[in-house]
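Data from query_6.txt: compact mmCIF, C-alpha atoms
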```
# COMPACT_ATOMS: atom_id res chain seq x y z
CA MET A 1 -30.60 -49.15 -31.79
CA LYS A 2 -30.36 -52.72 -33.02
CA LEU A 3 -27.65 -55.13 -34.18
CA ILE A 4 -28.84 -57.67 -36.74
CA LEU A 5 -26.82 -60.65 -37.93
CA GLU A 6 -28.49 -62.25 -40.96
CA LYS A 7 -27.42 -65.80 -41.82
CA ILE A 8 -23.72 -65.11 -41.33
CA THR A 9 -21.54 -67.83 -42.83
CA LYS A 10 -17.76 -67.84 -42.89
CA THR A 11 -15.49 -70.29 -44.63
CA PHE A 12 -11.77 -70.22 -45.18
CA PRO A 13 -10.22 -72.35 -47.94
CA GLY A 14 -10.90 -75.95 -46.97
CA GLN A 15 -12.47 -75.00 -43.65
CA LYS A 16 -15.99 -74.05 -42.66
CA VAL A 17 -15.87 -71.88 -39.54
CA PHE A 18 -19.60 -71.35 -38.88
CA ARG A 19 -22.85 -71.29 -40.85
CA ASP A 20 -26.11 -69.36 -40.86
CA ILE A 21 -25.75 -67.39 -37.67
CA SER A 22 -28.76 -65.13 -37.21
CA VAL A 23 -29.47 -63.01 -34.17
CA GLU A 24 -30.97 -59.64 -33.22
CA VAL A 25 -29.70 -57.66 -30.26
CA ASN A 26 -31.41 -54.53 -28.98
CA LYS A 27 -30.22 -51.53 -27.02
CA GLY A 28 -29.14 -52.40 -23.49
CA GLN A 29 -28.67 -56.09 -24.32
CA THR A 30 -25.46 -58.11 -24.22
CA LEU A 31 -24.65 -60.83 -26.73
CA ILE A 32 -22.26 -63.51 -25.55
CA ILE A 33 -20.37 -65.47 -28.18
CA ASN A 34 -19.14 -68.59 -26.52
CA GLY A 35 -17.14 -71.57 -27.72
CA PRO A 36 -13.82 -73.41 -27.55
CA ASN A 37 -10.57 -72.25 -29.14
CA GLY A 38 -10.76 -72.16 -32.94
CA SER A 39 -14.55 -72.11 -33.02
CA GLY A 40 -14.62 -68.69 -34.76
CA LYS A 41 -15.42 -66.27 -31.94
CA THR A 42 -12.81 -63.70 -32.99
CA THR A 43 -13.76 -64.21 -36.63
CA LEU A 44 -17.39 -63.38 -35.80
CA ILE A 45 -16.34 -60.27 -33.82
CA LYS A 46 -14.27 -59.15 -36.82
CA ILE A 47 -17.24 -59.69 -39.13
CA ILE A 48 -19.53 -57.69 -36.81
CA SER A 49 -16.98 -54.87 -36.71
CA SER A 50 -16.69 -54.97 -40.53
CA LEU A 51 -12.97 -55.76 -40.37
CA LEU A 52 -13.65 -59.07 -42.13
CA LEU A 53 -16.19 -59.89 -44.81
CA PRO A 54 -18.54 -62.84 -44.27
CA THR A 55 -18.70 -65.50 -46.97
CA ALA A 56 -22.48 -65.11 -46.91
CA GLY A 57 -25.01 -63.07 -44.96
CA LYS A 58 -24.80 -59.53 -43.64
CA VAL A 59 -24.42 -57.45 -40.52
CA VAL A 60 -26.70 -54.43 -40.06
CA PHE A 61 -26.33 -51.95 -37.23
CA ASN A 62 -29.39 -49.76 -36.90
CA TYR A 63 -28.46 -46.52 -35.18
CA ASN A 64 -30.51 -43.31 -35.03
CA GLY A 65 -32.90 -44.76 -37.58
CA LYS A 66 -30.18 -45.52 -40.13
CA ASP A 67 -29.16 -48.99 -41.25
CA LEU A 68 -25.36 -49.07 -41.25
CA THR A 69 -23.38 -51.81 -42.96
CA GLY A 70 -19.73 -52.43 -43.82
CA SER A 71 -17.16 -49.81 -42.87
CA ASP A 72 -19.93 -47.31 -42.02
CA ILE A 73 -20.17 -49.16 -38.69
CA LEU A 74 -16.52 -48.46 -37.77
CA PRO A 75 -17.02 -45.00 -36.16
CA TYR A 76 -19.69 -46.41 -33.86
CA ILE A 77 -17.76 -49.31 -32.36
CA GLY A 78 -15.44 -49.65 -29.43
CA LEU A 79 -13.28 -52.74 -29.84
CA VAL A 80 -11.09 -54.56 -27.34
CA THR A 81 -9.33 -57.57 -28.80
CA PRO A 82 -5.97 -59.30 -28.42
CA ASP A 83 -5.31 -58.23 -32.05
CA LEU A 84 -5.47 -54.53 -31.15
CA PHE A 85 -2.10 -52.91 -30.48
CA VAL A 86 -1.12 -49.33 -29.69
CA TYR A 87 2.26 -47.67 -30.26
CA ASP A 88 4.91 -49.06 -27.90
CA GLU A 89 7.29 -46.21 -28.70
CA LEU A 90 4.78 -43.58 -27.56
CA THR A 91 3.61 -42.82 -24.04
CA ALA A 92 0.05 -43.56 -22.92
CA PHE A 93 -0.83 -39.84 -23.15
CA GLU A 94 0.68 -39.59 -26.62
CA ASN A 95 -1.24 -42.66 -27.77
CA LEU A 96 -4.54 -41.39 -26.34
CA ASN A 97 -4.04 -37.88 -27.70
CA PHE A 98 -3.15 -39.26 -31.13
CA PHE A 99 -6.21 -41.49 -31.39
CA ALA A 100 -8.43 -38.69 -30.07
CA GLU A 101 -7.03 -36.25 -32.65
CA VAL A 102 -7.42 -38.61 -35.62
CA SER A 103 -10.97 -39.37 -34.47
CA GLY A 104 -11.76 -35.66 -34.33
CA LEU A 105 -12.33 -35.79 -30.57
CA VAL A 106 -11.21 -33.42 -27.87
CA VAL A 107 -10.89 -35.26 -24.61
CA ALA A 108 -10.24 -32.89 -21.74
CA ASN A 109 -8.33 -34.94 -19.25
CA PHE A 110 -6.79 -38.31 -19.88
CA GLU A 111 -5.18 -38.29 -16.43
CA ILE A 112 -8.58 -38.90 -14.87
CA LYS A 113 -9.32 -41.67 -17.37
CA LEU A 114 -5.98 -43.35 -16.65
CA ALA A 115 -6.65 -43.14 -12.92
CA GLN A 116 -10.11 -44.67 -13.39
CA PHE A 117 -8.53 -47.62 -15.17
CA GLY A 118 -5.77 -48.20 -12.63
CA LEU A 119 -2.98 -46.49 -14.57
CA LYS A 120 -2.56 -43.42 -12.37
CA GLY A 121 0.87 -41.82 -12.70
CA ARG A 122 1.84 -43.97 -15.69
CA GLY A 123 0.67 -41.62 -18.44
CA TYR A 124 4.17 -40.41 -19.31
CA ASP A 125 5.65 -43.92 -19.50
CA LEU A 126 6.24 -45.52 -22.88
CA VAL A 127 3.59 -48.15 -23.58
CA GLY A 128 6.43 -50.55 -24.45
CA THR A 129 7.30 -50.61 -20.74
CA TYR A 130 3.75 -51.59 -19.74
CA SER A 131 2.78 -55.09 -18.62
CA SER A 132 0.23 -56.95 -20.75
CA GLY A 133 -2.48 -56.23 -18.15
CA MET A 134 -1.73 -52.49 -18.26
CA LYS A 135 -1.88 -52.54 -22.06
CA GLN A 136 -5.25 -54.26 -21.80
CA ARG A 137 -6.50 -51.47 -19.52
CA LEU A 138 -5.25 -48.88 -22.00
CA LYS A 139 -7.23 -50.65 -24.74
CA TYR A 140 -10.39 -50.15 -22.66
CA ILE A 141 -9.73 -46.40 -22.40
CA LEU A 142 -9.32 -46.31 -26.19
CA ALA A 143 -12.41 -48.39 -26.82
CA LEU A 144 -14.60 -46.21 -24.61
CA MET A 145 -13.08 -42.92 -25.80
CA ARG A 146 -15.80 -42.32 -28.40
CA ASN A 147 -18.70 -43.43 -26.16
CA PRO A 148 -19.45 -46.15 -28.70
CA PRO A 149 -23.04 -47.40 -28.98
CA LEU A 150 -21.66 -50.81 -30.03
CA LEU A 151 -19.04 -52.26 -27.69
CA LEU A 152 -17.22 -55.37 -28.92
CA LEU A 153 -15.10 -57.21 -26.36
CA ASP A 154 -13.05 -60.16 -27.57
CA GLU A 155 -11.69 -62.19 -24.65
CA PRO A 156 -12.26 -59.18 -22.37
CA MET A 157 -10.73 -60.61 -19.19
CA VAL A 158 -7.44 -61.72 -20.74
CA ASN A 159 -4.31 -60.57 -18.85
CA LEU A 160 -6.38 -58.79 -16.21
CA ASP A 161 -6.15 -59.27 -12.45
CA ASP A 162 -9.22 -59.53 -10.21
CA GLN A 163 -9.55 -55.75 -9.96
CA GLY A 164 -9.32 -55.49 -13.76
CA LYS A 165 -11.95 -58.19 -14.20
CA SER A 166 -14.37 -56.39 -11.93
CA MET A 167 -13.65 -53.18 -13.89
CA VAL A 168 -14.69 -54.99 -17.09
CA GLU A 169 -17.77 -56.33 -15.37
CA ASP A 170 -18.73 -52.76 -14.41
CA ILE A 171 -18.12 -51.54 -17.96
CA ILE A 172 -20.40 -54.22 -19.41
CA LYS A 173 -23.10 -53.59 -16.82
CA SER A 174 -23.05 -49.81 -17.24
CA HIS A 175 -22.86 -49.73 -21.05
CA ASP A 176 -26.22 -48.51 -22.29
CA GLY A 177 -25.72 -49.49 -25.93
CA ILE A 178 -25.20 -52.98 -27.32
CA THR A 179 -22.35 -55.09 -25.97
CA VAL A 180 -20.95 -58.17 -27.69
CA VAL A 181 -18.61 -60.33 -25.63
CA THR A 182 -16.65 -63.41 -26.68
CA THR A 183 -15.36 -65.81 -24.11
CA ASN A 184 -14.31 -69.41 -23.72
CA GLU A 185 -14.13 -69.17 -19.96
CA LYS A 186 -17.45 -70.33 -18.59
CA GLU A 187 -16.80 -68.78 -15.18
CA ASN A 188 -16.73 -65.35 -16.78
CA LEU A 189 -20.29 -65.71 -18.01
CA LYS A 190 -21.67 -65.20 -14.53
CA TYR A 191 -20.53 -61.57 -14.72
CA VAL A 192 -22.22 -60.93 -17.99
CA GLY A 193 -25.61 -62.49 -18.53
CA GLY A 194 -27.54 -61.86 -21.73
CA ARG A 195 -28.19 -63.67 -24.99
CA GLU A 196 -25.75 -66.34 -26.06
CA ILE A 197 -24.45 -67.84 -29.28
CA ARG A 198 -22.46 -71.02 -28.87
CA LEU A 199 -20.02 -71.78 -31.64
CA GLY A 200 -18.18 -74.99 -32.45
CA GLU A 201 -21.03 -77.38 -31.71
CA MET B 1 -17.65 -41.98 -41.58
CA SER B 2 -17.63 -39.56 -44.40
CA ALA B 3 -18.98 -36.35 -42.89
CA ALA B 4 -17.46 -36.88 -39.47
CA GLY B 5 -14.22 -38.15 -40.97
CA LYS B 6 -13.71 -35.30 -43.42
CA SER B 7 -14.10 -32.57 -40.82
CA GLY B 8 -10.70 -31.39 -39.63
CA LEU B 9 -8.86 -33.33 -42.30
CA VAL B 10 -5.83 -31.04 -41.99
CA SER B 11 -5.52 -31.46 -38.23
CA LYS B 12 -6.00 -35.23 -38.53
CA THR B 13 -3.34 -35.39 -41.24
CA LEU B 14 -0.96 -33.37 -39.08
CA ALA B 15 -1.68 -35.67 -36.14
CA VAL B 16 -0.59 -38.69 -38.23
CA LEU B 17 2.52 -36.79 -39.40
CA LEU B 18 3.48 -35.78 -35.86
CA LYS B 19 2.92 -39.31 -34.60
CA ASP B 20 5.17 -40.71 -37.35
CA LEU B 21 7.86 -38.07 -36.70
CA ARG B 22 7.81 -38.74 -32.97
CA SER B 23 7.91 -42.48 -33.57
CA GLU B 24 10.76 -42.14 -36.08
CA LEU B 25 12.82 -39.92 -33.77
CA ARG B 26 12.55 -42.57 -31.05
CA THR B 27 13.16 -45.65 -33.17
CA ARG B 28 15.16 -44.25 -36.15
CA TYR B 29 13.56 -47.07 -38.11
CA ALA B 30 13.71 -45.59 -41.63
CA ILE B 31 16.08 -42.64 -41.49
CA CYS B 32 19.16 -44.72 -40.61
CA ALA B 33 18.51 -47.22 -43.41
CA ILE B 34 17.97 -44.50 -46.01
CA ILE B 35 20.91 -42.30 -45.07
CA MET B 36 23.37 -45.17 -44.62
CA PHE B 37 22.41 -46.61 -48.01
CA ALA B 38 22.75 -43.21 -49.68
CA VAL B 39 26.07 -42.33 -48.05
CA VAL B 40 27.58 -45.74 -48.85
CA THR B 41 26.40 -45.48 -52.47
CA VAL B 42 27.71 -41.93 -52.96
CA VAL B 43 31.05 -42.80 -51.34
CA ALA B 44 31.34 -45.95 -53.49
CA VAL B 45 30.57 -43.98 -56.67
CA GLY B 46 33.00 -41.28 -55.52
CA PHE B 47 35.82 -43.81 -55.05
CA ALA B 48 35.00 -45.62 -58.28
CA THR B 49 35.17 -42.40 -60.24
CA GLY B 50 37.99 -40.90 -58.17
CA GLY B 51 40.10 -38.56 -60.23
CA ILE B 52 37.83 -38.86 -63.26
CA THR B 53 35.56 -35.96 -64.10
CA LEU B 54 32.25 -37.53 -64.99
CA GLU B 55 30.44 -36.35 -68.09
CA LYS B 56 27.71 -33.89 -67.19
CA ASP B 57 25.23 -36.34 -68.73
CA LEU B 58 25.97 -38.96 -66.13
CA GLN B 59 25.87 -36.72 -63.08
CA GLY B 60 22.09 -36.21 -63.07
CA ILE B 61 21.42 -39.87 -63.77
CA LEU B 62 23.68 -41.02 -60.94
CA LEU B 63 22.21 -38.49 -58.50
CA TRP B 64 18.65 -39.65 -59.16
CA LEU B 65 19.64 -43.31 -58.97
CA VAL B 66 21.24 -42.73 -55.56
CA ILE B 67 18.12 -40.89 -54.32
CA TYR B 68 15.77 -43.50 -55.79
CA PHE B 69 17.52 -46.60 -54.44
CA ALA B 70 18.19 -44.99 -51.06
CA SER B 71 14.52 -44.09 -50.75
CA MET B 72 13.58 -47.69 -51.59
CA ALA B 73 15.55 -48.80 -48.52
CA GLY B 74 13.29 -47.04 -46.07
CA ILE B 75 10.48 -44.97 -47.50
CA GLY B 76 7.95 -47.80 -47.43
CA GLN B 77 8.56 -48.41 -43.75
CA SER B 78 5.92 -45.95 -42.51
CA PHE B 79 3.11 -48.25 -43.65
CA ILE B 80 5.00 -51.54 -43.28
CA LYS B 81 5.86 -50.72 -39.66
CA GLU B 82 2.14 -50.30 -38.88
CA GLU B 83 1.55 -53.86 -40.11
CA GLU B 84 4.64 -55.37 -38.48
CA ASN B 85 3.85 -53.75 -35.11
CA ARG B 86 0.18 -54.66 -35.62
CA THR B 87 -0.97 -51.09 -34.98
CA SER B 88 -2.78 -50.86 -38.32
CA LEU B 89 -6.01 -52.18 -36.76
CA ALA B 90 -6.14 -49.29 -34.28
CA LEU B 91 -5.39 -46.86 -37.09
CA ARG B 92 -8.16 -48.37 -39.18
CA LEU B 93 -10.64 -48.12 -36.31
CA PHE B 94 -9.91 -44.52 -35.39
CA ALA B 95 -8.46 -42.66 -38.36
CA TYR B 96 -10.02 -41.28 -41.53
CA PRO B 97 -8.14 -43.06 -44.40
CA PRO B 98 -7.17 -39.93 -46.42
CA SER B 99 -5.64 -38.41 -43.28
CA VAL B 100 -3.48 -41.53 -42.86
CA TYR B 101 -2.26 -41.32 -46.46
CA GLY B 102 -1.73 -37.55 -46.17
CA GLY B 103 0.23 -37.84 -42.92
CA LYS B 104 2.42 -40.63 -44.19
CA TYR B 105 2.96 -38.83 -47.50
CA LEU B 106 4.16 -35.70 -45.67
CA PHE B 107 6.36 -37.85 -43.46
CA ASN B 108 7.98 -39.54 -46.46
CA LEU B 109 8.42 -36.17 -48.15
CA MET B 110 10.26 -34.85 -45.11
CA LEU B 111 12.36 -38.01 -44.98
CA LEU B 112 13.37 -37.55 -48.62
CA PHE B 113 14.23 -33.89 -48.11
CA VAL B 114 16.45 -34.82 -45.15
CA LEU B 115 18.08 -37.45 -47.37
CA GLU B 116 18.71 -34.89 -50.10
CA ILE B 117 20.13 -32.31 -47.69
CA ILE B 118 22.80 -34.90 -46.88
CA VAL B 119 23.24 -36.59 -50.25
CA VAL B 120 23.35 -33.65 -52.66
CA PRO B 121 26.28 -31.81 -51.01
CA LEU B 122 28.08 -35.14 -50.47
CA PHE B 123 27.51 -36.06 -54.11
CA ALA B 124 28.79 -32.64 -55.20
CA MET B 125 31.94 -33.11 -53.13
CA LEU B 126 32.76 -36.71 -54.02
CA VAL B 127 31.40 -37.11 -57.54
CA GLY B 128 30.93 -33.57 -58.76
CA LEU B 129 27.88 -31.58 -59.82
CA GLN B 130 28.11 -28.88 -62.41
CA VAL B 131 25.03 -26.73 -62.02
CA LYS B 132 24.32 -23.93 -64.45
CA CYS B 133 20.97 -22.79 -63.10
CA TYR B 134 20.36 -23.37 -59.38
CA VAL B 135 16.69 -22.35 -59.56
CA LEU B 136 15.94 -25.03 -62.13
CA PHE B 137 18.15 -27.57 -60.37
CA PHE B 138 16.34 -27.21 -57.04
CA SER B 139 12.93 -26.95 -58.73
CA VAL B 140 13.50 -30.30 -60.42
CA LEU B 141 14.83 -31.81 -57.21
CA ILE B 142 11.78 -30.64 -55.23
CA LEU B 143 9.23 -31.64 -57.88
CA GLY B 144 10.90 -35.02 -58.42
CA THR B 145 10.89 -35.62 -54.68
CA ILE B 146 7.20 -34.73 -54.38
CA GLY B 147 6.40 -37.25 -57.13
CA LEU B 148 8.67 -39.92 -55.67
CA ALA B 149 7.13 -39.56 -52.19
CA GLY B 150 3.56 -39.68 -53.55
CA THR B 151 4.11 -42.79 -55.64
CA THR B 152 6.09 -44.75 -53.08
CA THR B 153 3.66 -43.90 -50.25
CA ILE B 154 0.65 -45.30 -52.08
CA ILE B 155 2.61 -48.41 -53.14
CA ALA B 156 3.77 -48.92 -49.56
CA ALA B 157 0.11 -48.78 -48.46
CA ILE B 158 -0.82 -51.38 -51.09
CA ILE B 159 1.96 -53.85 -50.30
CA SER B 160 1.94 -53.46 -46.51
CA LYS B 161 -0.44 -56.40 -46.05
CA THR B 162 1.50 -58.80 -48.30
CA SER B 163 4.07 -61.32 -47.13
CA THR B 164 6.79 -60.40 -49.65
CA LYS B 165 6.81 -56.67 -49.01
CA GLY B 166 10.40 -55.85 -50.00
CA VAL B 167 10.30 -57.55 -53.39
CA LEU B 168 6.82 -56.28 -54.24
CA PHE B 169 7.72 -52.73 -53.24
CA ALA B 170 10.62 -52.66 -55.71
CA VAL B 171 8.73 -54.50 -58.47
CA LEU B 172 5.61 -52.31 -58.25
CA SER B 173 7.31 -48.99 -57.69
CA PHE B 174 9.95 -49.17 -60.40
CA PRO B 175 7.67 -49.10 -63.47
CA LEU B 176 5.53 -46.38 -61.86
CA ILE B 177 8.49 -44.23 -60.93
CA LEU B 178 10.35 -44.80 -64.20
CA PRO B 179 8.55 -42.01 -66.13
CA LEU B 180 9.17 -39.68 -63.21
CA LEU B 181 12.85 -40.59 -63.13
CA ILE B 182 13.21 -40.10 -66.89
CA MET B 183 11.53 -36.71 -66.61
CA ALA B 184 13.66 -35.68 -63.64
CA ILE B 185 16.88 -36.80 -65.31
CA LEU B 186 15.97 -34.94 -68.49
CA LEU B 187 14.97 -31.81 -66.62
CA LYS B 188 18.25 -31.91 -64.76
CA ARG B 189 19.82 -31.22 -68.15
CA LEU B 190 18.05 -27.87 -68.14
CA GLY B 191 19.51 -27.29 -64.72
CA GLY B 192 22.88 -27.86 -66.27
CA VAL B 193 23.74 -31.20 -64.69
CA ALA B 194 23.11 -33.68 -67.42
CA GLY B 195 23.59 -33.10 -71.10
CA VAL B 196 22.05 -36.25 -72.49
CA ASN B 197 19.50 -36.19 -75.23
CA PHE B 198 16.13 -37.86 -74.80
CA LEU B 199 17.03 -41.00 -76.71
CA CYS B 200 20.22 -41.61 -74.79
CA SER B 201 18.53 -41.05 -71.45
CA SER B 202 15.61 -43.32 -72.32
CA ASN B 203 18.01 -46.07 -73.33
CA VAL B 204 19.84 -45.85 -70.03
CA CYS B 205 16.60 -46.07 -68.09
CA LEU B 206 15.31 -48.85 -70.32
CA ARG B 207 18.45 -50.86 -69.72
CA ILE B 208 18.11 -50.44 -65.98
CA PHE B 209 14.46 -51.43 -66.21
CA THR B 210 15.08 -54.58 -68.24
CA PHE B 211 18.02 -55.52 -66.04
CA ARG B 212 15.79 -55.38 -63.00
CA LEU B 213 13.13 -57.41 -64.77
CA CYS B 214 15.68 -60.12 -65.56
CA LEU B 215 16.81 -60.22 -61.95
CA GLU B 216 13.28 -60.48 -60.64
```

Just dump the structure as structure tokens.
Amino acid sequence: MKLILEKITKTFPGQKVFRDISVEVNKGQTLIINGPNGSGKTTLIKIISSLLLPTAGKVVFNYNGKDLTGSDILPYIGLVTPDLFVYDELTAFENLNFFAEVSGLVVANFEIKLAQFGLKGRGYDLVGTYSSGMKQRLKYILALMRNPPLLLLDEPMVNLDDQGKSMVEDIIKSHDGITVVTTNEKENLKYVGGREIRLGE
Amino acid sequence: MSAAGKSGLVSKTLAVLLKDLRSELRTRYAICAIIMFAVVTVVAVGFATGGITLEKDLQGILLWLVIYFASMAGIGQSFIKEEENRTSLALRLFAYPPSVYGGKYLFNLMLLFVLEIIVVPLFAMLVGLQVKCYVLFFSVLILGTIGLAGTTTIIAAIISKTSTKGVLFAVLSFPLILPLLIMAILLKRLGGVAGVNFLCSSNVCLRIFTFRLCLE
């Protein structure tokens, strides 16, 4: 298993975000994308997850001996990002069951999962009634639902309390695939360790 | 994605349909807009033509226009709502694209059938429908609805990421649906509702089409 970024460049009209980013990350490694606001961290995560095309360069995810590019990577990623939203008008169970069904998964017991992520007893509540921290925890359950070999965490600690932050730390430590984390909070880096790309310099 | 995505396409499609139905029952996002528009239009036409028996030719045309414009008020919402509520990213990450289209198509189809269950009897009461052959009448209604739902669902998917969704939805859907409307209006004649000949019907539709073009 290997994630390869080959000379990734991204420009928006009249604005160059970053240029020629190349890196290789192997199984069990964590890649930290660091930088101030507006430096392109989320843009790079979107490019890695194939949700955004780079202006130049390519992303290759080698998994089980196959080189995957573009939208072929999508089934293998777990993504947590502030841009990810679930259905407010559905309960947590309904959301999880829906995403499991459309993914072709059968997950036996979401109650246990919810309890593991600090949402015990809240499965029948509408997600619209959740706090932002609870929604963030629900995103982690979704992201890990498919046991993704490539875990992409964009601002992973946002809206989380201390217990939530240590939960994220445990997730990153225990993930045996490739983890990519973006952060602009230097204090968070102590939890993570691993290779680092610094943007905006 | 392909092999894994294709397996269980029916169950995935039904999952999207059930999610949309559940969501719609809780928010009544589209159904209220569609039904209110249709009821107001039928009542307005009924009052405007009160006491006058409309020519059979006009009945089919008016019925399809009410169904078409009412559907425009809400049928695109299933995709647009995903963008506005920013849930489209999760859908893109987890769902197999044809199952999303299939689920939303079935949802829109059900929405249109609910609309017609309300509008057709109301139209018959307030405006008048003279039906000679009920089998043909309902066959045309069902086939026209299937076509309308299919076309508007794919257009809604296309325009959902644009900033001027409402305008684009009407502009893109009208020329695509026009042949379907002409066909449905003409076939209604066989059902005994409209007695127009092809030329007359085409002219009516052409006038509507050019009028809309001038406005937009």

Which residue out of A:Ile141, A:Val86, A:Ala56, A:Ile47 has the minimum interatomic distance to chain B when only C-alpha atoms are used?
A:Val86

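What chain B places within 6 Å of chain A, counting all atoms listed in the file, is Met1, Lys12, Arg86, Thr87, Phe94 and Ala95 of chain B.
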
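Between B:Ile61 and the residues B:Ala170, B:Pro121, B:Leu129, B:Val43, the shortest atom-to-atom distance, using only C-alpha atoms, involves B:Leu129.
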
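Every residue within 10 Å of the file position (34.6, -37.3, -53.3), judged by only C-alpha atoms, is given as Val42, Val43, Ala44, Val45, Gly46, Phe47, Ala48, Thr49, Gly50, Gly51, Leu122, Phe123, Ala124, Met125, Leu126, Val127 and Gly128 of chain B.
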
Output file for the residues above (C-alpha atoms, as a PDB file, in the coordinates of the input):
```pdb
ATOM      1  CA  VAL B  42      27.710 -41.930 -52.960  1.00  0.00           C
ATOM      2  CA  VAL B  43      31.050 -42.800 -51.340  1.00  0.00           C
ATOM      3  CA  ALA B  44      31.340 -45.950 -53.490  1.00  0.00           C
ATOM      4  CA  VAL B  45      30.570 -43.980 -56.670  1.00  0.00           C
ATOM      5  CA  GLY B  46      33.000 -41.280 -55.520  1.00  0.00           C
ATOM      6  CA  PHE B  47      35.820 -43.810 -55.050  1.00  0.00           C
ATOM      7  CA  ALA B  48      35.000 -45.620 -58.280  1.00  0.00           C
ATOM      8  CA  THR B  49      35.170 -42.400 -60.240  1.00  0.00           C
ATOM      9  CA  GLY B  50      37.990 -40.900 -58.170  1.00  0.00           C
ATOM     10  CA  GLY B  51      40.100 -38.560 -60.230  1.00  0.00           C
ATOM     11  CA  LEU B 122      28.080 -35.140 -50.470  1.00  0.00           C
ATOM     12  CA  PHE B 123      27.510 -36.060 -54.110  1.00  0.00           C
ATOM     13  CA  ALA B 124      28.790 -32.640 -55.200  1.00  0.00           C
ATOM     14  CA  MET B 125      31.940 -33.110 -53.130  1.00  0.00           C
ATOM     15  CA  LEU B 126      32.760 -36.710 -54.020  1.00  0.00           C
ATOM     16  CA  VAL B 127      31.400 -37.110 -57.540  1.00  0.00           C
ATOM     17  CA  GLY B 128      30.930 -33.570 -58.760  1.00  0.00           C
TER      18      GLY B 128
END
```

Env of B:Arg28: 12 Å cut, atoms = all atoms listed in the file, seq-sep filter 3 positions within chain, self excluded. Answer as an MDAnalysis selection string.
(chainID A and resid 89) or (chainID B and resid 20:25 31:36 74 77:78 81 111)

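Coordinates place atom CA of A:Lys27 at a distance of 5.2 Å from atom CA of A:Ile178.
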
Show me, as AutoDock Vina command-line options, the centre and edge lengths in Å to one decimal of the axis-aligned box that covers every listed atom of stretch 25-39 of chain A with 6 Å on each side.
```
--center_x -21.0 --center_y -62.5 --center_z -28.3 --size_x 32.8 --size_y 33.9 --size_z 21.5
```

Judged by only C-alpha atoms, the minimum distance to A:Phe12 among A:Gly28, A:Gly121, A:Leu114, A:Gly40 is found for A:Gly40

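Take the candidates A:Gly177, A:Gly57, A:Gly194, A:Pro13 and check each one against A:Leu144 using all atoms listed in the file; the shortest distance goes to A:Gly177.
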
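Each of B:Met183, B:Ala15, B:Phe37, B:Arg26 was checked against B:Leu106 using all atoms listed in the file; the smallest atom-to-atom distance is that of B:Ala15.
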
For atom CA of A:Tyr63 and atom CA of A:Gln116, quote the distance in Å rounded to one decimal.
28.5 Å

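Residues in contact with B:Ile177 at up to 12 Å, not including ones fewer than 5 positions away on its chain and judged by all atoms listed in the file, are Trp64, Leu65, Tyr68, Phe69, Ser71, Met72, Gly144, Thr145, Ile146, Gly147, Leu148, Ala149, Gly150, Thr151, Thr152, Thr153, Ile154, Ile155, Phe169, Ala170, Val171, Leu172, Ile182, Met183, Ala184, Cys205 and Phe209 of chain B.
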